[in-house]
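Q: Below you'll find query_25.csv; it's CSV, C-alpha atoms.
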chain,number,residue,atom,x,y,z
A,1179,MET,CA,105.2,73.5,191.1
A,1180,ILE,CA,108.1,74.6,188.9
A,1181,ALA,CA,110.2,71.7,190.3
A,1182,TYR,CA,107.6,69.2,189.0
A,1183,ILE,CA,107.7,70.9,185.6
A,1184,PHE,CA,111.5,70.5,185.6
A,1185,ILE,CA,111.2,66.8,186.3
A,1186,ALA,CA,108.5,66.4,183.7
A,1187,PHE,CA,110.8,68.2,181.2
A,1188,ILE,CA,113.6,65.7,181.9
A,1189,VAL,CA,111.2,62.8,181.3
A,1190,ILE,CA,110.1,64.4,178.0
A,1191,ILE,CA,113.8,64.8,176.9
A,1192,CYS,CA,114.3,61.1,177.7
A,1193,ILE,CA,111.2,60.1,175.6
A,1194,GLN,CA,112.4,62.2,172.7
A,1195,PHE,CA,115.9,60.6,173.0
A,1196,VAL,CA,114.3,57.2,172.7
A,1197,TYR,CA,112.3,58.2,169.6
A,1198,TYR,CA,115.0,60.0,167.7
A,1199,ILE,CA,118.0,57.8,168.5
A,1200,PHE,CA,116.6,54.3,168.9
A,1201,ILE,CA,113.4,54.3,166.8
A,1202,PHE,CA,114.1,56.9,164.1
A,1203,GLY,CA,117.8,56.1,164.3
A,1204,SER,CA,117.0,52.6,163.0
A,1205,PHE,CA,116.4,54.2,159.6
A,1206,ALA,CA,118.6,57.3,159.8
A,1207,PHE,CA,121.8,55.3,160.7
A,1208,PHE,CA,121.0,52.2,158.7
A,1209,LYS,CA,123.3,51.5,155.7
A,1210,ASN,CA,121.3,50.3,152.8
A,1211,LYS,CA,122.9,47.3,151.2
A,1212,PRO,CA,122.3,46.7,147.5
A,1213,THR,CA,119.8,43.9,147.0
A,1214,LYS,CA,121.1,40.6,145.7
A,1215,ASN,CA,117.7,39.6,144.5
A,1216,HIS,CA,117.4,39.8,140.7
A,1217,PHE,CA,113.6,39.9,140.5
A,1218,ASN,CA,112.5,39.4,136.9
A,1219,GLN,CA,108.8,38.4,137.2
A,1220,PRO,CA,106.1,40.3,135.4
A,1221,VAL,CA,104.5,43.2,137.3
A,1222,SER,CA,101.2,45.0,137.2
A,1223,VAL,CA,101.4,48.8,137.8
A,1224,LEU,CA,98.1,50.2,139.0
A,1225,ILE,CA,97.0,53.8,138.8
A,1226,CYS,CA,93.6,54.9,140.0
A,1227,ALA,CA,92.3,58.2,138.7
A,1228,LYS,CA,89.3,60.4,139.2
A,1229,ASN,CA,89.1,63.6,137.1
A,1230,GLU,CA,92.9,63.5,136.5
A,1231,ALA,CA,93.0,63.9,132.7
A,1232,GLU,CA,95.7,66.6,132.7
A,1233,ASN,CA,97.9,64.8,135.2
A,1234,LEU,CA,97.6,61.5,133.2
A,1235,LYS,CA,98.7,63.3,130.1
A,1236,LYS,CA,101.9,64.5,131.8
A,1237,ASN,CA,102.7,61.4,133.9
A,1238,ILE,CA,101.8,58.3,132.0
A,1239,PRO,CA,104.8,58.5,129.7
A,1240,PHE,CA,107.0,58.1,132.8
A,1241,PHE,CA,105.4,54.8,133.6
A,1242,THR,CA,105.3,53.4,130.0
A,1243,ASN,CA,108.9,54.3,129.6
A,1244,GLN,CA,110.1,52.0,132.4
A,1245,ASN,CA,113.2,49.9,131.8
A,1246,TYR,CA,111.7,46.6,132.8
A,1247,SER,CA,111.2,43.4,130.8
A,1248,ILE,CA,107.5,42.5,131.3
A,1249,PHE,CA,104.9,44.7,132.9
A,1250,GLU,CA,101.5,46.1,132.3
A,1251,LEU,CA,99.8,49.3,133.2
A,1252,VAL,CA,96.4,49.0,134.7
A,1253,LEU,CA,94.6,52.4,134.5
A,1254,ILE,CA,91.4,52.6,136.7
A,1255,ASN,CA,88.9,55.4,135.8
A,1256,ASP,CA,86.9,55.9,139.0
A,1257,SER,CA,83.7,57.5,137.6
A,1258,SER,CA,85.4,60.6,136.3
A,1259,SER,CA,83.4,63.5,134.9
A,1260,ASP,CA,86.2,64.9,132.7
A,1261,ASN,CA,87.9,63.2,129.8
A,1262,THR,CA,90.1,60.9,132.0
A,1263,LEU,CA,88.7,57.8,130.2
A,1264,GLU,CA,89.5,59.3,126.8
A,1265,VAL,CA,93.1,60.1,127.8
A,1266,MET,CA,93.5,56.5,129.0
A,1267,GLU,CA,92.2,55.1,125.8
A,1268,GLN,CA,94.5,57.3,123.7
A,1269,PHE,CA,97.5,56.0,125.6
A,1270,LYS,CA,96.3,52.4,125.3
A,1271,ASN,CA,96.0,52.8,121.5
A,1272,GLU,CA,99.3,54.5,121.0
A,1273,SER,CA,101.6,52.7,123.6
A,1274,SER,CA,103.8,49.8,122.8
A,1275,ILE,CA,103.4,48.3,126.3
A,1276,SER,CA,100.3,46.5,127.6
A,1277,ILE,CA,97.7,48.9,129.0
A,1278,LYS,CA,94.5,47.6,130.6
A,1279,ILE,CA,91.7,50.0,131.4
A,1280,VAL,CA,89.2,49.4,134.1
A,1281,ASN,CA,86.2,51.8,133.8
A,1282,ILE,CA,84.0,52.3,136.9
A,1283,THR,CA,80.8,54.0,136.0
A,1284,ALA,CA,78.9,56.3,138.5
A,1285,ASN,CA,76.1,54.8,140.5
A,1286,LYS,CA,73.8,57.5,141.9
A,1287,GLN,CA,72.2,55.2,144.4
A,1288,PHE,CA,75.5,53.7,145.8
A,1289,ARG,CA,78.8,55.6,145.9
A,1290,GLU,CA,81.5,53.0,145.9
A,1291,GLY,CA,84.7,55.1,146.3
A,1292,LYS,CA,88.3,54.6,145.5
A,1293,LYS,CA,88.7,51.3,147.4
A,1294,GLN,CA,86.1,49.6,145.3
A,1295,ALA,CA,87.7,51.0,142.2
A,1296,LEU,CA,91.1,49.7,143.2
A,1297,THR,CA,89.6,46.3,144.1
A,1298,GLN,CA,88.3,46.0,140.5
A,1299,GLY,CA,91.7,47.1,139.2
A,1300,ILE,CA,93.5,44.5,141.3
A,1301,LYS,CA,91.1,41.8,140.1
A,1302,ALA,CA,91.8,42.8,136.5
A,1303,ALA,CA,95.6,42.8,136.9
A,1304,SER,CA,97.2,40.0,135.0
A,1305,TYR,CA,100.2,39.5,137.3
A,1306,LYS,CA,100.6,38.5,140.9
A,1307,HIS,CA,103.0,41.3,141.9
A,1308,LEU,CA,101.4,44.7,142.1
A,1309,LEU,CA,103.0,48.2,142.2
A,1310,PHE,CA,100.9,51.2,143.0
A,1311,SER,CA,101.1,55.0,142.3
A,1312,ASP,CA,98.8,57.9,141.7
A,1313,ALA,CA,97.8,59.9,138.7
A,1314,ASP,CA,99.6,63.1,139.9
A,1315,CYS,CA,102.8,61.1,140.4
A,1316,LYS,CA,105.7,60.1,138.2
A,1317,PRO,CA,108.7,57.8,138.8
A,1318,LEU,CA,111.9,59.7,139.0
A,1319,SER,CA,113.8,56.9,137.3
A,1320,ARG,CA,113.3,54.5,134.4
A,1321,ASN,CA,114.4,51.8,136.9
A,1322,TRP,CA,111.6,52.5,139.4
A,1323,ILE,CA,109.9,49.2,138.8
A,1324,THR,CA,113.2,47.3,139.0
A,1325,GLU,CA,114.2,49.0,142.3
A,1326,MET,CA,110.8,48.6,144.0
A,1327,THR,CA,110.1,45.0,142.9
A,1328,SER,CA,113.7,43.8,143.6
A,1329,ASN,CA,112.7,43.7,147.2
A,1330,PHE,CA,110.1,41.0,146.7
A,1331,ASN,CA,111.0,37.5,147.8
A,1332,THR,CA,109.4,34.4,149.4
A,1333,GLN,CA,109.2,36.3,152.7
A,1334,HIS,CA,108.6,40.0,151.7
A,1335,LYS,CA,105.1,40.5,150.3
A,1336,ILE,CA,104.9,44.3,151.0
A,1337,ILE,CA,107.3,47.0,149.8
A,1338,LEU,CA,107.1,50.5,151.3
A,1339,GLY,CA,108.5,53.2,149.1
A,1340,PHE,CA,109.1,56.9,149.3
A,1341,GLY,CA,106.8,59.3,147.6
A,1342,ALA,CA,108.4,62.8,147.4
A,1343,TYR,CA,106.8,66.1,146.5
A,1344,ARG,CA,108.2,68.3,143.8
A,1345,LYS,CA,110.4,71.2,145.0
A,1346,ILE,CA,109.1,74.7,144.3
A,1347,LYS,CA,111.6,77.5,144.6
A,1348,LYS,CA,110.9,80.4,147.0
A,1349,SER,CA,107.8,78.7,148.4
A,1350,ILE,CA,107.7,78.3,152.2
A,1351,LEU,CA,104.5,76.2,151.9
A,1352,ASN,CA,106.3,73.8,149.7
A,1353,LYS,CA,109.0,73.4,152.4
A,1354,PHE,CA,106.3,72.8,155.1
A,1355,ILE,CA,104.7,70.1,152.9
A,1356,ARG,CA,108.0,68.4,152.1
A,1357,PHE,CA,109.1,68.5,155.8
A,1358,GLU,CA,105.8,66.9,156.9
A,1359,THR,CA,106.3,64.3,154.2
A,1360,LEU,CA,109.9,63.7,155.2
A,1361,LEU,CA,108.9,63.3,158.9
A,1362,THR,CA,106.1,60.9,158.0
A,1363,ALA,CA,108.5,58.8,155.8
A,1364,ILE,CA,111.1,58.7,158.6
A,1365,GLN,CA,108.4,57.3,160.9
A,1366,TYR,CA,106.9,54.6,158.7
A,1367,PHE,CA,110.4,53.5,157.5
A,1368,SER,CA,111.7,53.4,161.1
A,1369,TYR,CA,108.8,51.5,162.5
A,1370,ALA,CA,109.1,49.0,159.7
A,1371,LYS,CA,112.8,48.6,160.4
A,1372,ILE,CA,112.1,47.8,164.1
A,1373,GLY,CA,109.5,45.3,163.2
A,1374,ILE,CA,106.2,47.1,163.7
A,1375,PRO,CA,105.2,48.6,160.3
A,1376,TYR,CA,102.1,50.7,160.5
A,1377,MET,CA,101.5,52.5,157.2
A,1378,GLY,CA,102.6,53.1,153.6
A,1379,VAL,CA,101.8,55.7,150.9
A,1380,GLY,CA,99.7,54.7,147.9
A,1381,ARG,CA,101.8,56.8,145.6
A,1382,ASN,CA,104.7,54.4,146.0
A,1383,LEU,CA,103.7,51.0,147.4
A,1384,ALA,CA,103.9,47.4,146.3
A,1385,TYR,CA,102.4,44.1,147.5
A,1386,THR,CA,101.3,40.8,146.1
A,1387,LYS,CA,97.9,40.0,144.7
A,1388,SER,CA,97.6,36.9,146.9
A,1389,LEU,CA,98.2,38.9,150.0
A,1390,PHE,CA,95.4,41.3,149.0
A,1391,PHE,CA,92.9,38.4,148.6
A,1392,ASP,CA,94.1,36.4,151.6
A,1393,VAL,CA,92.9,39.3,153.9
A,1394,ASN,CA,89.8,40.0,151.8
A,1395,GLY,CA,91.2,43.2,150.4
A,1396,PHE,CA,89.7,46.3,151.9
A,1397,ALA,CA,86.7,44.5,153.4
A,1398,LYS,CA,87.5,45.4,157.1
A,1399,HIS,CA,87.6,49.1,156.4
A,1400,MET,CA,85.6,49.4,153.2
A,1401,LYS,CA,83.1,51.8,154.9
A,1402,ILE,CA,85.9,54.2,155.7
A,1403,LYS,CA,86.4,56.2,152.5
A,1404,SER,CA,90.1,56.9,153.0
A,1405,GLY,CA,92.9,54.5,153.9
A,1406,ASP,CA,93.3,52.4,150.8
A,1407,ASP,CA,97.0,52.6,151.5
A,1408,ASP,CA,97.7,53.2,155.2
A,1409,LEU,CA,94.8,51.2,156.6
A,1410,PHE,CA,95.5,48.3,154.4
A,1411,ILE,CA,99.2,48.2,155.4
A,1412,ASN,CA,98.2,48.7,159.1
A,1413,GLN,CA,95.9,45.7,158.8
A,1414,THR,CA,98.3,43.3,156.9
A,1415,ALA,CA,101.9,44.4,157.5
A,1416,THR,CA,104.1,42.3,159.9
A,1417,LYS,CA,107.7,42.2,160.8
A,1418,LYS,CA,108.3,39.3,158.5
A,1419,ASN,CA,106.3,40.2,155.4
A,1420,THR,CA,107.3,43.9,155.1
A,1421,THR,CA,110.4,45.7,153.9
A,1422,ILE,CA,111.4,49.2,152.8
A,1423,CYS,CA,112.9,50.6,149.6
A,1424,TYR,CA,114.5,54.1,149.6
A,1425,SER,CA,117.1,53.9,146.9
A,1426,LYS,CA,117.1,57.1,144.8
A,1427,ASP,CA,115.9,55.2,141.7
A,1428,SER,CA,112.8,54.0,143.6
A,1429,TYR,CA,111.3,57.4,144.4
A,1430,THR,CA,108.1,58.8,142.9
A,1431,GLU,CA,107.4,62.5,142.8
A,1432,SER,CA,104.0,64.1,143.2
A,1433,THR,CA,102.6,67.6,142.5
A,1434,PRO,CA,102.3,69.4,145.8
A,1435,LYS,CA,99.4,71.6,146.8
A,1436,THR,CA,100.0,75.3,146.2
A,1437,THR,CA,97.6,76.8,148.7
A,1438,PHE,CA,97.5,76.3,152.5
A,1439,ARG,CA,93.8,75.6,152.4
A,1440,SER,CA,94.0,72.8,149.8
A,1441,TRP,CA,96.9,71.2,151.7
A,1442,ILE,CA,95.0,71.3,155.0
A,1443,GLN,CA,92.0,69.6,153.3
A,1444,GLN,CA,94.4,66.9,152.0
A,1445,LYS,CA,95.9,66.4,155.4
A,1446,ARG,CA,92.5,66.2,157.1
A,1447,ARG,CA,91.7,63.3,154.9
A,1448,HIS,CA,95.0,61.6,155.7
A,1449,ILE,CA,95.0,62.1,159.4
A,1450,SER,CA,91.4,61.0,159.8
A,1451,THR,CA,92.4,57.4,159.1
A,1452,ALA,CA,94.9,57.3,162.0
A,1453,THR,CA,92.0,56.8,164.5
A,1454,TYR,CA,91.5,53.3,162.9
A,1455,TYR,CA,95.1,52.2,163.4
A,1456,LYS,CA,96.0,49.4,165.8
A,1457,PRO,CA,96.2,50.4,169.5
A,1458,LEU,CA,100.0,50.0,169.7
A,1459,HIS,CA,100.5,52.2,166.6
A,1460,LYS,CA,98.1,54.9,167.9
A,1461,PHE,CA,99.9,54.9,171.3
A,1462,LEU,CA,103.4,55.3,169.8
A,1463,LEU,CA,102.3,58.1,167.5
A,1464,ALA,CA,100.4,59.9,170.2
A,1465,VAL,CA,103.3,59.7,172.7
A,1466,PHE,CA,105.7,61.1,170.1
A,1467,TYR,CA,103.4,64.0,169.2
A,1468,SER,CA,102.7,64.7,172.9
A,1469,SER,CA,106.4,64.7,173.7
A,1470,GLN,CA,107.0,67.3,170.9
A,1471,VAL,CA,104.3,69.6,172.2
A,1472,LEU,CA,105.4,69.2,175.8
A,1473,PHE,CA,109.1,69.8,175.0
A,1474,TRP,CA,108.3,73.3,173.7
A,1475,VAL,CA,105.7,74.2,176.3
A,1476,LEU,CA,107.7,73.0,179.4
A,1477,GLY,CA,110.9,74.3,178.0
A,1478,ILE,CA,109.5,77.8,177.5
A,1479,ILE,CA,108.0,77.8,180.9
A,1480,LEU,CA,111.2,76.9,182.6
A,1481,LEU,CA,113.3,79.4,180.6
A,1482,LEU,CA,110.8,82.2,181.3
A,1483,ASN,CA,111.1,81.4,185.1
A,1484,LEU,CA,114.9,81.1,184.8
A,1485,TYR,CA,114.6,77.8,186.7
A,1486,LYS,CA,117.9,75.9,186.6
A,1487,TRP,CA,118.4,77.7,183.3
A,1488,SER,CA,121.9,76.3,182.6
A,1489,ILE,CA,120.7,72.7,182.9
A,1490,VAL,CA,117.5,73.4,180.9
A,1491,GLY,CA,119.5,75.2,178.2
A,1492,PHE,CA,121.9,72.2,178.1
A,1493,LEU,CA,119.0,69.7,177.8
A,1494,ILE,CA,117.5,71.8,175.0
A,1495,PHE,CA,120.8,71.8,173.2
A,1496,ILE,CA,121.2,68.1,173.5
A,1497,ARG,CA,117.7,67.5,172.3
A,1498,PHE,CA,118.3,69.7,169.2
A,1499,LEU,CA,121.6,67.9,168.6
A,1500,PHE,CA,120.1,64.5,168.2
A,1501,LEU,CA,117.1,66.0,166.4
A,1502,TYR,CA,119.4,67.5,163.8
A,1503,ILE,CA,121.6,64.4,163.5
A,1504,THR,CA,118.7,62.0,163.1
A,1505,ILE,CA,116.6,64.1,160.7
A,1506,GLY,CA,119.8,65.2,158.9
A,1507,PHE,CA,120.9,61.7,158.1
A,1508,SER,CA,117.4,60.7,157.0
A,1509,ALA,CA,117.0,63.8,154.9
A,1510,LYS,CA,120.3,63.0,153.1
A,1511,LYS,CA,119.0,59.5,152.4
A,1512,LEU,CA,115.7,60.9,150.9
A,1513,ASN,CA,117.3,63.8,149.0
A,1514,GLU,CA,115.6,66.5,151.2
A,1515,ILE,CA,118.8,68.0,152.8
A,1516,ASP,CA,117.7,71.6,152.0
A,1517,LEU,CA,115.0,71.2,154.8
A,1518,VAL,CA,117.5,70.6,157.6
A,1519,LEU,CA,118.6,74.2,158.4
A,1520,LEU,CA,115.2,75.4,159.7
A,1521,ILE,CA,114.0,72.2,161.4
A,1522,PRO,CA,112.8,73.9,164.6
A,1523,PHE,CA,110.7,76.4,162.6
A,1524,TYR,CA,109.1,73.6,160.6
A,1525,GLU,CA,108.5,71.6,163.7
A,1526,ILE,CA,106.6,74.3,165.5
A,1527,PHE,CA,104.5,75.0,162.4
A,1528,LEU,CA,103.7,71.3,162.0
A,1529,ILE,CA,102.8,70.9,165.7
A,1530,PHE,CA,100.2,73.7,165.5
A,1531,THR,CA,99.0,72.6,162.1
A,1532,GLN,CA,98.3,69.0,163.3
A,1533,MET,CA,96.6,70.4,166.5
A,1534,PHE,CA,94.4,72.5,164.3
A,1535,ILE,CA,93.6,69.5,162.0
A,1536,PHE,CA,92.7,67.3,165.0
A,1537,ILE,CA,90.3,69.8,166.4
A,1538,LYS,CA,88.8,70.5,163.0
A,1539,ASN,CA,88.2,66.8,162.4
A,1540,LEU,CA,86.5,66.5,165.7
A,1541,ILE,CA,84.1,69.3,164.7
A,1542,SER,CA,83.4,68.1,161.2
A,1543,LYS,CA,84.3,65.2,159.0
A,1544,PRO,CA,86.7,65.8,156.1
A,1545,THR,CA,85.6,65.3,152.5
A,1546,HIS,CA,87.1,62.4,150.6
A,1547,TRP,CA,87.6,61.2,147.1
Show this structure as structure tokens.

A:
Amino acid sequence: MIAYIFIAFIVIICIQFVYYIFIFGSFAFFKNKPTKNHFNQPVSVLICAKNEAENLKKNIPFFTNQNYSIFELVLINDSSSDNTLEVMEQFKNESSISIKIVNITANKQFREGKKQALTQGIKAASYKHLLFSDADCKPLSRNWITEMTSNFNTQHKIILGFGAYRKIKKSILNKFIRFETLLTAIQYFSYAKIGIPYMGVGRNLAYTKSLFFDVNGFAKHMKIKSGDDDLFINQTATKKNTTICYSKDSYTESTPKTTFRSWIQQKRRHISTATYYKPLHKFLLAVFYSSQVLFWVLGIILLLNLYKWSIVGFLIFIRFLFLYITIGFSAKKLNEIDLVLLIPFYEIFLIFTQMFIFIKNLISKPTHW
């Protein structure tokens, strides 16, 4: 029996090698070349908000202060019960740039949700190139619009960006959140690099208005409350029409959750959409997660039994070597290098957290915006 476990362990190491070196390595070891495309067409920046008055007060100035020639800010109020609409109107009255407000009123008989609100915002947008973020986000550079939209061309209709989370000192939860975000970014950037893009994040994402209407917007998954970003990209992104942007001036930064419970609720919503991904994407993601779990389980069993312990120990060392190299290079690209030291600790935490979320989602459906 133990011999079969040893063979299975070797297979798992090989699978992990393929993922970390060949798939994730496509991003980690890729040298970003400065774009030669001087994109100067007008852009619509869309932000959908529901009860986000305080976040809008803090973050809208970072959007209105962008160093870009022609752009508008489309603010979508999705039936807020606080003074979100009033905050939007105040910025519109006081700002020197064009701000358009789309106000979605509550309908007690029919709850539309964020996708319908975003659809109305996209329809109202004046320009054909759209850039998306969230109310709790801010661009980290005045050149954010320039960096993201410079990747548009006749072929690329979708731009996948990086949405970081603000660093909080002496917070282990913050490091967990940021590591999960880093690993997710490594995955969707890497899959896009090898020609099978599967998701993006709505806090830093761009695509064309024509693409949105060519696929009838969110129609195929309108009944699914979440997934205005990842399901839309999963549906529409191809090897030819999608590219990535991870230059430091292209980042946005969001306010992270400060309690484990609120973060779990957020991740439950995010993970619930994965069941609607294309079969190939679900297969690749499932194999990677399974190989992570089995690496730890089988490795521990073999070490406890001292079965070929020198070979097992060497294989574990090799696995951690390419794990550190791949994530280390990626973390440097995405300015998350402080997470590298304790990667095994974060990995174990993330494995158990995701397992808990999967089980929890099977028992009860997560709540959504």

Q: I'd like to know which of A:Gln1413, A:Thr1324, A:Asn1255, A:Asn1513 is closest to A:Phe1390, using only C-alpha atoms.

A: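 Under the stated criterion, the closest residue is A:Gln1413.
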
Q: Find, counting all atoms listed in the file, the residue in A:Val1196, A:Val1280, A:Val1471, A:Leu1351 that gets nearest to A:Trp1441.

A: A:Leu1351

Q: Might you pull out every residue within 6 Å of A:Ser1428, with only C-alpha atoms counted and same-chain residues fewer than 3 positions away left off, and present them as a list in words?

A: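 My reading of the contact set: Trp1322, Glu1325, Met1326 and Ser1425 of chain A.
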
Q: Choose the residue, out of A:Ser1368, A:Lys1538, A:Asp1407, A:His1459, that has the smallest atom-to-atom separation from A:Tyr1198; count all atoms listed in the file.

A: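 Under the stated criterion, the closest residue is A:Ser1368.
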
Q: Taking only C-alpha atoms into account, name the residue in A:Ser1508, A:Thr1386, A:Gln1470, A:Asn1233 that is nearest to A:Ile1526.

A: A:Gln1470

Q: Tell me, in Å to one decimal, how far atom CA of A:Phe1357 is from atom CA of A:Leu1493.

A: 24.2 Å

Q: If we count all atoms listed in the file and set the cut-off at 12 Å, which residues sit around A:His1448, ignoring sequence neighbours fewer than 4 positions away in its own chain? Please answer as a ChimeraX atom specification.

A: /A:1359,1362,1377-1380,1402-1409,1441-1444,1452-1454,1532,1535-1536,1539,1543-1547

Q: Could you tell me how far atom CA of A:Lys1293 sits from atom CA of A:Lys1401, in Å to one decimal place?

A: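 Calculated distance between atom CA of A:Lys1401 and atom CA of A:Lys1293 is 9.4 Å.
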
Q: Give me the residues within 12 Å of A:Ala1415 as a PyMOL selection string, counting only C-alpha atoms and dropping any in the same chain fewer than 2 places off.

A: chain A and resi 1333-1338+1366+1369-1370+1373-1378+1384-1386+1389-1390+1393+1407-1413+1417-1422+1455-1456

Q: Check the smallest atom-to-atom distance from each of A:Ser1319, A:Thr1451, A:Thr1430, A:Ser1469 to A:Cys1192 using only C-alpha atoms, then report the winner.

A: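 Distance minimum relative to A:Cys1192 lands on A:Ser1469.
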
Q: Go through A:Leu1472, A:Ile1248, A:Glu1230, A:Gln1298 one by one, measure the shortest atom-to-atom distance of each to A:Ile1183 using all atoms listed in the file, and give the residue with the smallest value.

A: A:Leu1472

Q: Taking 6 positions as the minimum chain separation for residues in the same chain, which residues sit within 10 Å of A:Tyr1246 when counting all atoms listed in the file? Answer as a list in words.

A: Asn1218, Gln1219, Pro1220, Val1221, Arg1320, Asn1321, Trp1322, Ile1323 and Thr1324 of chain A

Q: In Å to one decimal, how far is atom CA of A:Gln1194 from atom CA of A:Leu1528?

A: 16.5 Å

Q: Just the residues within 12 Å of stretch 1433-1439 of chain A, please, counting only C-alpha atoms, with nothing from its chain fewer than 2 positions along; format it as a ChimeraX atom specification.

A: /A:1233,1236-1237,1312-1316,1341-1347,1349-1356,1358-1359,1381,1430-1431,1441-1446,1531,1535
